[in-house]
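Asker: Contents are TSV, C-alpha atoms; file name data37.tsv:
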chain	number	residue	atom	x	y	z
A	1	MET	CA	-114.94	-59.81	-48.00
A	2	ALA	CA	-116.83	-56.97	-46.33
A	3	ILE	CA	-116.12	-54.15	-43.92
A	4	GLU	CA	-118.74	-53.85	-41.19
A	5	TYR	CA	-120.00	-50.84	-39.25
A	6	THR	CA	-122.64	-51.08	-36.53
A	7	LEU	CA	-124.92	-48.38	-35.15
A	8	LEU	CA	-126.25	-49.43	-31.74
A	9	THR	CA	-129.03	-47.14	-30.60
A	10	SER	CA	-131.35	-46.63	-27.64
A	11	CYS	CA	-134.16	-45.85	-30.12
A	12	GLU	CA	-137.05	-48.07	-28.95
A	13	GLN	CA	-139.60	-47.46	-31.64
A	14	GLU	CA	-139.26	-46.83	-35.34
A	15	LEU	CA	-136.28	-44.93	-36.61
A	16	PRO	CA	-136.96	-41.26	-37.42
A	17	SER	CA	-138.90	-41.05	-40.68
A	18	ASP	CA	-136.42	-38.63	-42.24
A	19	LEU	CA	-133.76	-41.36	-42.20
A	20	LEU	CA	-134.28	-42.45	-45.76
A	21	LEU	CA	-131.49	-44.14	-47.63
A	22	ASP	CA	-131.93	-43.77	-51.38
A	23	ASP	CA	-135.70	-43.54	-50.81
A	24	VAL	CA	-135.69	-46.71	-48.66
A	25	ASP	CA	-137.34	-46.43	-45.24
A	26	LEU	CA	-135.23	-48.59	-42.93
A	27	ASN	CA	-138.31	-49.20	-40.78
A	28	GLN	CA	-139.53	-51.45	-43.61
A	29	ILE	CA	-136.60	-53.84	-43.11
A	30	GLU	CA	-137.62	-56.71	-40.85
A	31	ASN	CA	-135.30	-57.56	-37.97
A	32	GLY	CA	-132.58	-59.92	-39.08
A	33	CYS	CA	-133.10	-59.29	-42.81
A	34	PHE	CA	-130.55	-57.67	-45.11
A	35	LEU	CA	-131.31	-55.07	-47.74
A	36	ARG	CA	-128.77	-54.91	-50.56
A	37	LEU	CA	-128.05	-51.57	-52.19
A	38	GLU	CA	-125.21	-50.46	-54.41
A	39	GLY	CA	-121.99	-51.44	-52.60
A	40	ILE	CA	-123.65	-52.09	-49.26
A	41	ALA	CA	-125.90	-54.50	-47.35
A	42	ILE	CA	-127.92	-53.11	-44.44
A	43	ALA	CA	-129.60	-55.08	-41.66
A	44	LYS	CA	-131.67	-54.03	-38.68
A	45	GLY	CA	-131.93	-56.17	-35.60
A	46	ILE	CA	-131.86	-56.58	-31.86
A	47	GLU	CA	-128.59	-56.99	-29.94
A	48	SER	CA	-128.03	-60.13	-27.88
A	49	GLU	CA	-128.39	-59.96	-24.09
A	50	LEU	CA	-124.62	-60.31	-23.68
A	51	GLY	CA	-124.00	-57.57	-26.26
A	52	ARG	CA	-126.48	-55.22	-24.57
A	53	LYS	CA	-124.80	-55.73	-21.20
A	54	LEU	CA	-121.35	-55.10	-22.66
A	55	ILE	CA	-122.43	-51.91	-24.45
A	56	GLU	CA	-124.17	-50.66	-21.31
A	57	GLU	CA	-121.09	-51.38	-19.20
A	58	VAL	CA	-118.58	-49.78	-21.59
A	59	TYR	CA	-120.64	-46.87	-23.01
A	60	GLY	CA	-123.55	-46.44	-20.59
A	61	ILE	CA	-126.15	-46.90	-23.32
A	62	LEU	CA	-129.15	-49.24	-23.17
A	63	VAL	CA	-129.26	-50.68	-26.70
A	64	ARG	CA	-132.72	-51.26	-28.21
A	65	GLN	CA	-131.84	-51.65	-31.91
A	66	ILE	CA	-128.82	-52.24	-34.08
A	67	ILE	CA	-128.24	-51.31	-37.70
A	68	VAL	CA	-125.42	-53.12	-39.46
A	69	PHE	CA	-123.76	-51.76	-42.58
A	70	ARG	CA	-121.63	-54.23	-44.56
A	71	LEU	CA	-119.62	-52.47	-47.23
A	72	ASP	CA	-118.37	-54.41	-50.19
A	73	LYS	CA	-114.61	-54.20	-49.86
A	74	PHE	CA	-113.96	-54.46	-53.59
A	75	GLU	CA	-116.90	-53.68	-55.84
A	76	LEU	CA	-118.67	-50.36	-55.46
A	77	TYR	CA	-116.98	-49.62	-52.13
A	78	ASP	CA	-117.22	-45.84	-52.60
A	79	ALA	CA	-120.93	-46.00	-53.42
A	80	GLY	CA	-121.61	-48.09	-50.30
A	81	LEU	CA	-119.49	-45.79	-48.14
A	82	ASP	CA	-121.34	-42.72	-49.43
A	83	LEU	CA	-124.72	-44.28	-48.59
A	84	MET	CA	-123.60	-45.21	-45.08
A	85	VAL	CA	-122.14	-41.75	-44.41
A	86	LYS	CA	-125.39	-40.17	-45.65
A	87	PHE	CA	-127.40	-42.29	-43.22
A	88	VAL	CA	-125.10	-41.76	-40.22
A	89	ILE	CA	-125.02	-37.98	-40.70
A	90	SER	CA	-128.81	-37.98	-41.06
A	91	PHE	CA	-129.06	-40.04	-37.85
A	92	VAL	CA	-126.77	-37.60	-36.00
A	93	LEU	CA	-128.90	-34.65	-37.16
A	94	ASN	CA	-132.38	-36.16	-36.70
A	95	SER	CA	-132.33	-38.69	-33.88
A	96	LYS	CA	-132.67	-37.78	-30.23
A	97	SER	CA	-131.53	-41.27	-29.20
A	98	ASP	CA	-128.24	-42.21	-27.60
A	99	PHE	CA	-126.01	-44.34	-29.82
A	100	VAL	CA	-122.56	-45.74	-30.37
A	101	PHE	CA	-121.20	-46.25	-33.88
A	102	LEU	CA	-118.61	-49.04	-34.15
A	103	SER	CA	-116.18	-50.14	-36.81
A	104	ASN	CA	-115.95	-53.92	-37.23
A	105	GLY	CA	-117.87	-54.40	-33.98
A	106	GLU	CA	-115.21	-53.11	-31.64
A	107	ARG	CA	-113.74	-49.65	-32.33
A	108	ALA	CA	-115.97	-46.74	-31.34
A	109	LEU	CA	-116.10	-44.03	-33.99
A	110	MET	CA	-118.89	-41.91	-32.46
A	111	LEU	CA	-120.80	-41.85	-29.22
A	112	LYS	CA	-123.90	-39.85	-28.35
A	113	LYS	CA	-124.96	-40.02	-24.74
A	114	ASN	CA	-127.34	-37.69	-22.89
A	115	GLY	CA	-127.42	-35.40	-25.91
A	116	GLN	CA	-123.62	-35.01	-26.06
A	117	LEU	CA	-121.93	-36.15	-29.28
A	118	ALA	CA	-118.27	-37.27	-29.24
A	119	ILE	CA	-116.13	-38.30	-32.21
A	120	ASN	CA	-113.12	-40.57	-31.71
A	121	GLU	CA	-110.12	-38.24	-31.80
A	122	ASN	CA	-108.17	-40.75	-33.90
A	123	GLU	CA	-110.77	-40.90	-36.70
A	124	VAL	CA	-109.67	-38.41	-39.35
A	125	PHE	CA	-112.33	-39.60	-41.83
A	126	TRP	CA	-115.26	-39.00	-39.45
A	127	LYS	CA	-113.86	-35.76	-38.02
A	128	LYS	CA	-113.68	-34.42	-41.58
A	129	ARG	CA	-117.30	-35.48	-42.24
A	130	MET	CA	-118.48	-33.80	-39.04
A	131	GLU	CA	-116.88	-30.52	-40.12
A	132	GLU	CA	-119.39	-30.52	-42.99
A	133	LEU	CA	-122.36	-30.46	-40.58
A	134	PRO	CA	-124.50	-27.33	-40.34
A	135	ASP	CA	-123.44	-24.63	-37.89
A	136	GLY	CA	-124.77	-25.21	-34.41
A	137	VAL	CA	-124.17	-28.97	-34.32
A	138	CYS	CA	-121.89	-29.37	-31.32
A	139	TYR	CA	-119.52	-32.27	-30.73
A	140	THR	CA	-116.27	-33.00	-28.99
A	141	THR	CA	-113.33	-35.09	-30.08
A	142	GLU	CA	-112.03	-37.48	-27.46
A	143	SER	CA	-110.57	-40.89	-26.90
A	144	LEU	CA	-113.44	-43.39	-26.98
A	145	PRO	CA	-113.03	-46.87	-25.49
A	146	SER	CA	-113.07	-49.92	-27.75
A	147	LEU	CA	-114.77	-53.20	-26.95
Rewrite the structure from the file as structure tokens, please.
Answerer:
Amino acid sequence: MAIEYTLLTSCEQELPSDLLLDDVDLNQIENGCFLRLEGIAIAKGIESELGRKLIEEVYGILVRQIIVFRLDKFELYDAGLDLMVKFVISFVLNSKSDFVFLSNGERALMLKKNGQLAINENEVFWKKRMEELPDGVCYTTESLPSL
């Protein structure tokens, strides 16, 4: 069984080149294909028309790409979680794109819209990770809607 996180982004072209995950450039993953790393499987793709409309309605973001992280729930969970956190923090720091980061496809953990980053106020894990960001990275904590 896996735990799934989804990053839905307005990024139209390639992902920023500094978003390397254990020396793997996610731009090399073809849409719909999974890459397996220690404790995690990562896929890049395009959201369905219905999914794009729903995300735009709820979060006001026009989704161009999705990145799915499937953590192994049992074996090497911590290793997979560390890789995902590394990528998400890198994305927050290096991408200019709007995005929403969901847990299991429905609960919003983070939302970046029009340059403003918000962390779900109920997410202790992610709030703690954001405190580790360099000085000058601004974000708010607020209640984010779920799908």
Asker: State, in Å with one decimal place, the distance from CA of Pro145 in chain A to CA of Leu117 in chain A.
Answerer: 14.4 Å
Asker: Give one line per residue of range 77-123 of chain A that approaches range 57-68 of chain A to at most 9 Å, naming the two atoms of the closest pair and their distance in Å to one decimal, counting all atoms listed in the file; sort by chain then ascending residue number and deliver it as CSV.
Answerer:
residue,atom,partner,partner_atom,distance
A:Asp98,CA,A:Ile61,CA,6.7
A:Phe99,CA,A:Ile61,CA,7.0
A:Val100,CA,A:Tyr59,CA,7.7
A:Leu111,CA,A:Tyr59,CA,8.0
A:Lys112,CA,A:Ile61,CA,8.9
A:Lys113,CA,A:Ile61,CA,7.1
Asker: Enclose the full set of atoms of range 65-77 of chain A listed in the file within a box whose edges lie along x, y and z, apply 3 Å of padding to each of the six sides, and report centre and edge lengths in Å to one decimal as JSON.
Answerer:
{"center_x": -122.9, "center_y": -52.0, "center_z": -43.9, "size_x": 23.9, "size_y": 10.8, "size_z": 29.9}
Asker: Neighbouring residues of Pro134 in chain A were defined as those with any atom within 12 Å, considering all atoms listed in the file; residues of the same chain fewer than 3 positions away were excluded. Please report them as a list in words.
Answerer: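 Residues near the query, excluding close chain neighbours: Ile89, Ser90, Val92, Leu93, Arg129, Met130, Glu131, Val137, Cys138 and Tyr139 of chain A.
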Asker: In Å, how far is it from CA of Leu71 in chain A to CA of Gln116 in chain A?
Answerer: 27.7 Å
Asker: Because the input lacks atoms here, generate N, CA and C atoms for range 115-127 of chain A and report them as a PDB file, in the coordinates of the input.
Answerer:
ATOM      1  N   GLY A 115    -127.422 -36.558 -25.023  1.00  0.00           N
ATOM      2  CA  GLY A 115    -127.420 -35.400 -25.910  1.00  0.00           C
ATOM      3  C   GLY A 115    -126.050 -34.881 -26.308  1.00  0.00           C
ATOM      4  N   GLN A 116    -124.989 -35.458 -25.768  1.00  0.00           N
ATOM      5  CA  GLN A 116    -123.620 -35.010 -26.060  1.00  0.00           C
ATOM      6  C   GLN A 116    -122.985 -35.941 -27.087  1.00  0.00           C
ATOM      7  N   LEU A 117    -122.531 -35.377 -28.201  1.00  0.00           N
ATOM      8  CA  LEU A 117    -121.930 -36.150 -29.280  1.00  0.00           C
ATOM      9  C   LEU A 117    -120.407 -36.064 -29.186  1.00  0.00           C
ATOM     10  N   ALA A 118    -119.744 -37.216 -29.256  1.00  0.00           N
ATOM     11  CA  ALA A 118    -118.270 -37.270 -29.240  1.00  0.00           C
ATOM     12  C   ALA A 118    -117.809 -38.092 -30.446  1.00  0.00           C
ATOM     13  N   ILE A 119    -116.758 -37.616 -31.082  1.00  0.00           N
ATOM     14  CA  ILE A 119    -116.130 -38.300 -32.210  1.00  0.00           C
ATOM     15  C   ILE A 119    -114.781 -38.809 -31.718  1.00  0.00           C
ATOM     16  N   ASN A 120    -114.421 -40.024 -32.089  1.00  0.00           N
ATOM     17  CA  ASN A 120    -113.120 -40.570 -31.710  1.00  0.00           C
ATOM     18  C   ASN A 120    -112.032 -39.661 -32.267  1.00  0.00           C
ATOM     19  N   GLU A 121    -111.150 -39.199 -31.391  1.00  0.00           N
ATOM     20  CA  GLU A 121    -110.120 -38.240 -31.800  1.00  0.00           C
ATOM     21  C   GLU A 121    -109.140 -38.810 -32.819  1.00  0.00           C
ATOM     22  N   ASN A 122    -109.084 -40.112 -32.958  1.00  0.00           N
ATOM     23  CA  ASN A 122    -108.170 -40.750 -33.900  1.00  0.00           C
ATOM     24  C   ASN A 122    -108.804 -41.017 -35.263  1.00  0.00           C
ATOM     25  N   GLU A 123    -110.033 -40.614 -35.460  1.00  0.00           N
ATOM     26  CA  GLU A 123    -110.770 -40.900 -36.700  1.00  0.00           C
ATOM     27  C   GLU A 123    -110.800 -39.690 -37.621  1.00  0.00           C
ATOM     28  N   VAL A 124    -109.787 -39.546 -38.441  1.00  0.00           N
ATOM     29  CA  VAL A 124    -109.670 -38.410 -39.350  1.00  0.00           C
ATOM     30  C   VAL A 124    -110.861 -38.377 -40.326  1.00  0.00           C
ATOM     31  N   PHE A 125    -111.229 -39.536 -40.867  1.00  0.00           N
ATOM     32  CA  PHE A 125    -112.330 -39.600 -41.830  1.00  0.00           C
ATOM     33  C   PHE A 125    -113.609 -39.017 -41.246  1.00  0.00           C
ATOM     34  N   TRP A 126    -114.000 -39.456 -40.039  1.00  0.00           N
ATOM     35  CA  TRP A 126    -115.260 -39.000 -39.450  1.00  0.00           C
ATOM     36  C   TRP A 126    -115.167 -37.571 -38.940  1.00  0.00           C
ATOM     37  N   LYS A 127    -114.011 -37.163 -38.435  1.00  0.00           N
ATOM     38  CA  LYS A 127    -113.860 -35.760 -38.020  1.00  0.00           C
ATOM     39  C   LYS A 127    -114.066 -34.842 -39.223  1.00  0.00           C
TER      40      LYS A 127
END
